[in-house]
Amino acid sequence: MSRTQQQAPVRAAIYARISRDRAGERAGVEQQERECRALAERLGWEVVAVYVDNDISAYKGKPRPQYRAMLDAVRRGDVGGLVAWHTDRLHRRLVDLEELVTLAETKHVEIRTVTAGDVDLSTAGGRMNARILAAVAQQEVEHLRERVQAKRKTMLEAGAYRGGKRPFGYRKGGMVVRPREAEVVARASRDVLAGRSLKGIARELNQQRVRTSSGAEWTSLSLRDVLIRPRNAGLIHTGKASVPTAELTIVGRAQWPALVDEDTWRAVHALLTAPSRRHPNHKTDPSWLLSGIARCGATGPEGQPCGGVIRATSIGATPSRPNITPTAHYRCAEFAHLTVLVPKTDDYVRQVVAEMVRDARVLALLSPSGDDGRMERGRERRAVLVRQIEQTEADYDADLIDARRFKAKTDRIRVELEEVETLLAEGTRAGVALPIVGARDPGQAFLDAPLDVQRQVLRTVLGVQIMPAAYRGAAWSSDRLALSRVGER
Ligand SMILES: [Zn+2]
């Protein structure tokens, strides 16, 4: 090292970049920075800036804003040393390197890398070396790009199944339907759209001894994973299937048969991936009819009508009174000033609803509503928006627009796409009948239906308000319930 102690330390900048190739994954950006800092310390350099280009893949030729900022810092003379993890982090395209070479002609800049040694741009031999490294890097990038494109093309041509375990609904290999499992997927999709809970459907499948493709019992999670697959509609996607519908990338039509039509699958996908589902309320799977549905009819502490949500709790057994059988009570979750026995309340409300749904006018509320062409218009709009996103991506890849405009534009399109997806999902859902519609005796079908179906029917037809007891310890009475037909409230 020729540098003497008296000289001020080299002011250095670290450059780190995440790319999507394997080497990039191995050396995550924090790792890159840590190793670069260690190298700078060994060199006695003072790190004055860190530039990180995050999640930008070099092979798409996208702009690298931090790389530009770093070159500007060299140009201004703010930094005299650059540290990178590998030369391909620094300049992955030959044009990037040439810019640095030109800059090095007028500004003294020393370049060190953690894994590829020094880059000496002050001599002809050093520049040749750097150009060879950059040429190799560029070749790798182009090769990767070719491979990715070739793979995508093959995948599309074959409509191929990408390996892994047998997809539920299909035979091994993923191309031939297993009719009984296909029916399970179709029915569960309809049930989800009719408002049934994943947990309720999973429980029913387990009772019927239907197993997943790996022979396991169903959980709401494994059921969700099967129902949101684009494969169910005969579509191929890239990336994760669990992103919101508007962000899902469908690359083409598969050659395997669909299990459900595309509208149904999209509506199920939209419903099961909606951000609102992450709300804790969606996770609860009440075991009582009125939990979370009935409202409190008591008066609040400040004289206002309470209207709080009613939830079930069990009251009775405590360590000091172990011999008392706990009984479920509904309680006002807002102020806990009101409780009522669960079983008697549920039985009563069930009988009321069973009687109601025998009335054709009430049943009509539960029946599919007609489509007046809105679905078709929505589908057309969605196709236009998807094409716009593809065009924007193509413009970006061709460097016609910069990252900021790319993001602004795709964000704007995605917002509208999300609205269209929601409208379409609602339209599809409105076209799905609850299982009791069409039964010979809808009342009896309601009484026999699983709890989550009963809850969905109840929500559609009846409002339930629970009133305070006339006096403490009063026997249960139907007077405690104020019932109102939905739409009459
Ligand atoms: Zn209350």
# chains A, B, ... in the order shown; residues from 1 in each chain; ligands from 1
$ residues_around --residues "stretch 449-456 of chain A" --least-positions-apart "2" --cutoff "7 Å" --atoms "only C-alpha atoms" --output "PDB file with all heavy atoms, in the first residue's frame"
ATOM      1  N   GLY A 195     -70.919 -17.222   0.580  1.00  0.00           N
ATOM      2  CA  GLY A 195     -70.689 -16.643   1.896  1.00  0.00           C
ATOM      3  C   GLY A 195     -70.297 -17.646   2.963  1.00  0.00           C
ATOM      4  O   GLY A 195     -70.178 -17.298   4.127  1.00  0.00           O
ATOM      5  N   ARG A 196     -70.097 -18.905   2.577  1.00  0.00           N
ATOM      6  CA  ARG A 196     -69.697 -19.883   3.590  1.00  0.00           C
ATOM      7  C   ARG A 196     -68.243 -19.648   3.989  1.00  0.00           C
ATOM      8  O   ARG A 196     -67.447 -19.124   3.232  1.00  0.00           O
ATOM      9  CB  ARG A 196     -69.855 -21.308   3.046  1.00  0.00           C
ATOM     10  CG  ARG A 196     -71.299 -21.702   2.823  1.00  0.00           C
ATOM     11  CD  ARG A 196     -71.431 -23.205   2.702  1.00  0.00           C
ATOM     12  NE  ARG A 196     -70.916 -23.881   3.897  1.00  0.00           N
ATOM     13  CZ  ARG A 196     -70.739 -25.200   3.980  1.00  0.00           C
ATOM     14  NH1 ARG A 196     -70.999 -25.957   2.944  1.00  0.00           N
ATOM     15  NH2 ARG A 196     -70.279 -25.731   5.086  1.00  0.00           N
ATOM     16  N   SER A 197     -67.914 -20.094   5.217  1.00  0.00           N
ATOM     17  CA  SER A 197     -66.545 -19.899   5.690  1.00  0.00           C
ATOM     18  C   SER A 197     -65.670 -21.064   5.238  1.00  0.00           C
ATOM     19  O   SER A 197     -66.139 -22.195   5.075  1.00  0.00           O
ATOM     20  CB  SER A 197     -66.518 -19.811   7.211  1.00  0.00           C
ATOM     21  OG  SER A 197     -66.793 -21.073   7.771  1.00  0.00           O
ATOM     22  N   GLY A 200     -65.746 -23.810   7.756  1.00  0.00           N
ATOM     23  CA  GLY A 200     -66.959 -24.628   7.697  1.00  0.00           C
ATOM     24  C   GLY A 200     -66.904 -25.637   6.555  1.00  0.00           C
ATOM     25  O   GLY A 200     -67.275 -26.793   6.719  1.00  0.00           O
ATOM     26  N   LEU A 289     -74.889 -19.202  16.347  1.00  0.00           N
ATOM     27  CA  LEU A 289     -75.615 -18.578  15.241  1.00  0.00           C
ATOM     28  C   LEU A 289     -75.474 -17.057  15.187  1.00  0.00           C
ATOM     29  O   LEU A 289     -75.300 -16.470  14.136  1.00  0.00           O
ATOM     30  CB  LEU A 289     -77.100 -18.963  15.349  1.00  0.00           C
ATOM     31  CG  LEU A 289     -78.007 -18.542  14.209  1.00  0.00           C
ATOM     32  CD1 LEU A 289     -77.640 -19.262  12.932  1.00  0.00           C
ATOM     33  CD2 LEU A 289     -79.474 -18.820  14.570  1.00  0.00           C
ATOM     34  N   ALA A 445     -84.445 -27.318   4.902  1.00  0.00           N
ATOM     35  CA  ALA A 445     -83.073 -27.262   4.378  1.00  0.00           C
ATOM     36  C   ALA A 445     -82.241 -26.287   5.206  1.00  0.00           C
ATOM     37  O   ALA A 445     -81.068 -26.533   5.493  1.00  0.00           O
ATOM     38  CB  ALA A 445     -83.086 -26.835   2.913  1.00  0.00           C
ATOM     39  N   PHE A 446     -82.859 -25.180   5.616  1.00  0.00           N
ATOM     40  CA  PHE A 446     -82.152 -24.212   6.453  1.00  0.00           C
ATOM     41  C   PHE A 446     -81.788 -24.844   7.791  1.00  0.00           C
ATOM     42  O   PHE A 446     -80.647 -24.725   8.256  1.00  0.00           O
ATOM     43  CB  PHE A 446     -83.017 -22.968   6.667  1.00  0.00           C
ATOM     44  CG  PHE A 446     -82.474 -22.057   7.737  1.00  0.00           C
ATOM     45  CD1 PHE A 446     -81.420 -21.188   7.460  1.00  0.00           C
ATOM     46  CD2 PHE A 446     -83.004 -22.084   9.023  1.00  0.00           C
ATOM     47  CE1 PHE A 446     -80.900 -20.370   8.442  1.00  0.00           C
ATOM     48  CE2 PHE A 446     -82.483 -21.264  10.014  1.00  0.00           C
ATOM     49  CZ  PHE A 446     -81.440 -20.405   9.724  1.00  0.00           C
ATOM     50  N   LEU A 447     -82.755 -25.538   8.411  1.00  0.00           N
ATOM     51  CA  LEU A 447     -82.492 -26.143   9.722  1.00  0.00           C
ATOM     52  C   LEU A 447     -81.403 -27.212   9.628  1.00  0.00           C
ATOM     53  O   LEU A 447     -80.628 -27.401  10.557  1.00  0.00           O
ATOM     54  CB  LEU A 447     -83.777 -26.743  10.301  1.00  0.00           C
ATOM     55  CG  LEU A 447     -84.844 -25.711  10.683  1.00  0.00           C
ATOM     56  CD1 LEU A 447     -86.146 -26.404  11.086  1.00  0.00           C
ATOM     57  CD2 LEU A 447     -84.358 -24.798  11.799  1.00  0.00           C
ATOM     58  N   LEU A 458     -79.226 -16.017   7.597  1.00  0.00           N
ATOM     59  CA  LEU A 458     -79.718 -15.108   8.628  1.00  0.00           C
ATOM     60  C   LEU A 458     -79.333 -13.662   8.319  1.00  0.00           C
ATOM     61  O   LEU A 458     -80.169 -12.761   8.352  1.00  0.00           O
ATOM     62  CB  LEU A 458     -79.133 -15.523   9.984  1.00  0.00           C
ATOM     63  CG  LEU A 458     -79.460 -14.605  11.164  1.00  0.00           C
ATOM     64  CD1 LEU A 458     -80.909 -14.774  11.559  1.00  0.00           C
ATOM     65  CD2 LEU A 458     -78.555 -14.897  12.343  1.00  0.00           C
ATOM     66  N   ARG A 459     -78.057 -13.474   7.970  1.00  0.00           N
ATOM     67  CA  ARG A 459     -77.565 -12.136   7.645  1.00  0.00           C
ATOM     68  C   ARG A 459     -78.364 -11.518   6.519  1.00  0.00           C
ATOM     69  O   ARG A 459     -78.595 -10.320   6.505  1.00  0.00           O
ATOM     70  CB  ARG A 459     -76.105 -12.235   7.177  1.00  0.00           C
ATOM     71  CG  ARG A 459     -75.104 -11.854   8.217  1.00  0.00           C
ATOM     72  CD  ARG A 459     -73.742 -11.657   7.559  1.00  0.00           C
ATOM     73  NE  ARG A 459     -72.712 -12.176   8.421  1.00  0.00           N
ATOM     74  CZ  ARG A 459     -72.113 -13.340   8.268  1.00  0.00           C
ATOM     75  NH1 ARG A 459     -72.403 -14.105   7.242  1.00  0.00           N
ATOM     76  NH2 ARG A 459     -71.209 -13.738   9.123  1.00  0.00           N
ATOM     77  N   THR A 460     -78.754 -12.346   5.556  1.00  0.00           N
ATOM     78  CA  THR A 460     -79.441 -11.826   4.381  1.00  0.00           C
ATOM     79  C   THR A 460     -80.881 -11.436   4.670  1.00  0.00           C
ATOM     80  O   THR A 460     -81.418 -10.537   4.031  1.00  0.00           O
ATOM     81  CB  THR A 460     -79.410 -12.880   3.249  1.00  0.00           C
ATOM     82  OG1 THR A 460     -78.102 -13.442   3.198  1.00  0.00           O
ATOM     83  CG2 THR A 460     -79.727 -12.272   1.912  1.00  0.00           C
TER      84      THR A 460
END
$ residues_near_ligand --ligand "ligand 1" --cutoff "9 Å" --atoms "only C-alpha atoms and all ligand atoms" --output "VMD selection string"
chain A and resid 295 to 300 305 to 310 331 to 338
$ residues_around --residues "stretch 114-121 of chain A" --least-positions-apart "2" --cutoff "8 Å" --atoms "only C-alpha atoms" --output "list in words"
Glu35, Cys36, Leu39, Val83, Ala84, Trp85, His86, Thr87, Val101, Ala104, Glu110, Ile111, Arg112, Thr123, Ala124, Gly126, Arg127, Asn129 and Ala130 of chain A
$ residues_around --residues "A:Arg178" --least-positions-apart "2" --cutoff "12 Å" --atoms "only C-alpha atoms" --output "VMD selection string"
chain A and resid 166 to 176 180 to 185 213 256 to 259
